[in-house]
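Report on the structure given below.
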Amino acid sequence: MAQTLALKGSKKLLNAWAFYDWANSVYSLVISSAIFPLFYGLLFRTAGIEEVNIFGGEIARAPLISYVTSLAFVFIAIVTPLVSGVADYLGNKKVFLKFFCYLGAISCIGLYWFSLEHIYFGLACYFFGLVGFWVSFAINNSYLPDIAFPEQQDRISAKGFSLGYIGSVILLSLNLGMIMFLSPWIKSLGIEEINGLPLEIMMMKYSFIMVGIWWALFSQYTFKHLPKGFKKEGERHHIILNGFKELKLVWHQLGENRKLKRYLGAFFTYSMAVQTIMLIATFFGEEEIDWGTPEFRQFGLIASILIIQLIAIGGAYLTAYLSKKLGNIRTLIWVNVIWAILCVYAYFLETPTDFFIAAGLVGIVMGGIQALSRSTYSKFLPETTDTTSFFSFYDVAEKIGIIIGTFMYGIISQLTGSMRNSTIFLGLFFLIGIFLLLRVNRVKTSN
């Protein structure tokens, strides 16, 4: 029965693969984008401090979490190709998928105990939550050419991202209800604190537990139906070193596939800007927009995140539809054009209304560029069972782009004194990405 369910192209198998986005996307939204940033800032403000003594010195809260994030992505960029090579070599990538899924889920639950008194433990949970999310996401991506035929990949990739947006919005809405409505109701009963902490902070802590449980629980459907993986033929000595050898072989194969190599170059360039924008958008809105009151600032930032997620659902399917009409590369070019225009528009944002409009436009192109980038890469892969190793290049390119993009964004903001100047800089990456995508179509092979 299990073998039947694992047949390539079957509806149940495709849905099981896409459903992992439903399971793990709650981390991306609730932890990375919404609740944890609010919790982290509120924790410091409640304590009345801006710096913490850690690693032998005083570090402000914003640089501290930035350093940990950068370090996590360096670790991810190293571990992902290692794990991918070994998984392809042993044919057991579902084991690795489960491991990093549970690592991320347990780390999310561990954030419940995040405190300034136990800062090392809290940062470790944050660190491994990032690792669990991104590495398991990379492994799941590598299943795409294994479970779907080329003509199915655009739509099922879009469906995965859409399921992720829907699931994460459902959980975030529930978490926000706990923070914004349940907390005041409990306060009306005369209860101001739980375990010595304000109710808002405790509700955020409960949200972290819910994310971990959601992630681990809903992943079971994916684990039940995905195949174990394809075992590579050959010797079984020095498995870890053979994982690196697999990556070297993939690199040589990229040199023989000009279209795939050119596409990877384009993807690296524009993904650097996309991922940086997604990571800093909330911080940009908090610092550069005049919200009027602290209460409206919190409401406005959360509302903008929800706007992006909801619109991104339709954006992913719209992009998949356009790819059928225009082709993948041509559609990606036009999506990059819109991103470049958005970067210029962001430079002039002043009011909350401006920010909400930008959030809506970002939603349209955010889901589309992620889903279509993933499926386009899958289509360009040569006939091989080493899909995990090939996708490790894709994901490592993305992670290195994040490291470079966020670092350069911070440097420009620091040197110029404004985050607005960095948005123009990011726009240049989209223009370069457009040029590189145009070169992909000049290679005389089928799209």
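So you can find residues: chains in the structure tokens are A, B, ... in the order shown, residues in each start at 1, and ligands are numbered from 1 in order.
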Query - Polymer residues at most 12 Å from segment 149-159 of chain A, only C-alpha atoms, same-chain spacing of 6 or more positions, as a count of residues only - result: 57
Report task. Would you mind writing down, as a PyMOL selection string, each residue of segment 146-362 of chain A that DSSP on the backbone assigns to alpha helix (DSSP H)? Result -> chain A and resi 146-147+150-177+183-188+199-225+239-256+258-288+294-326+328-347+352-362
Report task. Tell me, as a PyMOL selection string, which residues lie within 10 Å of Val362 of chain A, counting only C-alpha atoms; anything in the same chain fewer than 5 positions away does not count. Result -> chain A and resi 274+277-278+307-309+311-312+315+338-339+342+356-357+367-368
Hey, can you spit out that residue selection with C-alpha atoms as a PDB file, in the first residue's frame?
ATOM      1  CA  VAL A 274      13.814  38.941  -1.870  1.00  0.00           C
ATOM      2  CA  ILE A 277      13.284  42.252   2.214  1.00  0.00           C
ATOM      3  CA  MET A 278      11.236  39.513   3.857  1.00  0.00           C
ATOM      4  CA  ILE A 307      -2.139  41.324   4.287  1.00  0.00           C
ATOM      5  CA  ILE A 308       1.053  39.963   2.732  1.00  0.00           C
ATOM      6  CA  GLN A 309       0.220  36.366   3.661  1.00  0.00           C
ATOM      7  CA  ILE A 311      -2.593  38.123  -0.882  1.00  0.00           C
ATOM      8  CA  ALA A 312       0.410  35.825  -1.410  1.00  0.00           C
ATOM      9  CA  GLY A 315      -0.140  35.582  -5.992  1.00  0.00           C
ATOM     10  CA  ILE A 338       7.665  44.575 -10.122  1.00  0.00           C
ATOM     11  CA  TRP A 339      10.064  43.920  -7.238  1.00  0.00           C
ATOM     12  CA  LEU A 342       8.597  48.219  -5.221  1.00  0.00           C
ATOM     13  CA  PHE A 356      -0.238  48.883   3.620  1.00  0.00           C
ATOM     14  CA  ILE A 357      -0.216  49.431  -0.155  1.00  0.00           C
ATOM     15  CA  GLY A 367       4.524  33.900  -3.103  1.00  0.00           C
ATOM     16  CA  GLY A 368       4.838  33.878  -6.862  1.00  0.00           C
TER      17      GLY A 368
END
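What separates atom CA of Leu249 of chain A from atom CA of Ala138 of chain A is a distance of 19.1 Å.
Here atom CA of Arg330 of chain A is placed at a distance of 14.5 Å from atom CA of Tyr270 of chain A.
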Considering only C-alpha atoms, tabulate each residue of segment 318-429 of chain A that lies at most 10 Å from segment 293-303 of chain A along with its nearest interatomic pair and the corresponding distance in Å to one decimal; arrange the rows by chain and ascending residue number and present them as a Markdown table.
| residue | atom | partner | partner_atom | distance |
| --- | --- | --- | --- | --- |
| A:Pro352 | CA | A:Gly300 | CA | 7.3 |
| A:Thr353 | CA | A:Gly300 | CA | 9.6 |
| A:Phe355 | CA | A:Gly300 | CA | 9.0 |
| A:Phe356 | CA | A:Gly300 | CA | 8.2 |
| A:Ala359 | CA | A:Ala303 | CA | 9.4 |
Let's have the selection written as a short mmCIF file (atom, residue, chain, number, x, y, z; two decimals), in the first residue's frame, with C-alpha atoms.
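out_26.cif written:
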data_model
loop_
_atom_site.label_atom_id
_atom_site.label_comp_id
_atom_site.auth_asym_id
_atom_site.auth_seq_id
_atom_site.Cartn_x
_atom_site.Cartn_y
_atom_site.Cartn_z
CA PRO A 352 0.70 53.76 7.30
CA THR A 353 -1.45 53.81 4.15
CA PHE A 355 3.01 50.85 3.97
CA PHE A 356 -0.24 48.88 3.62
CA ALA A 359 2.45 45.17 1.77
#
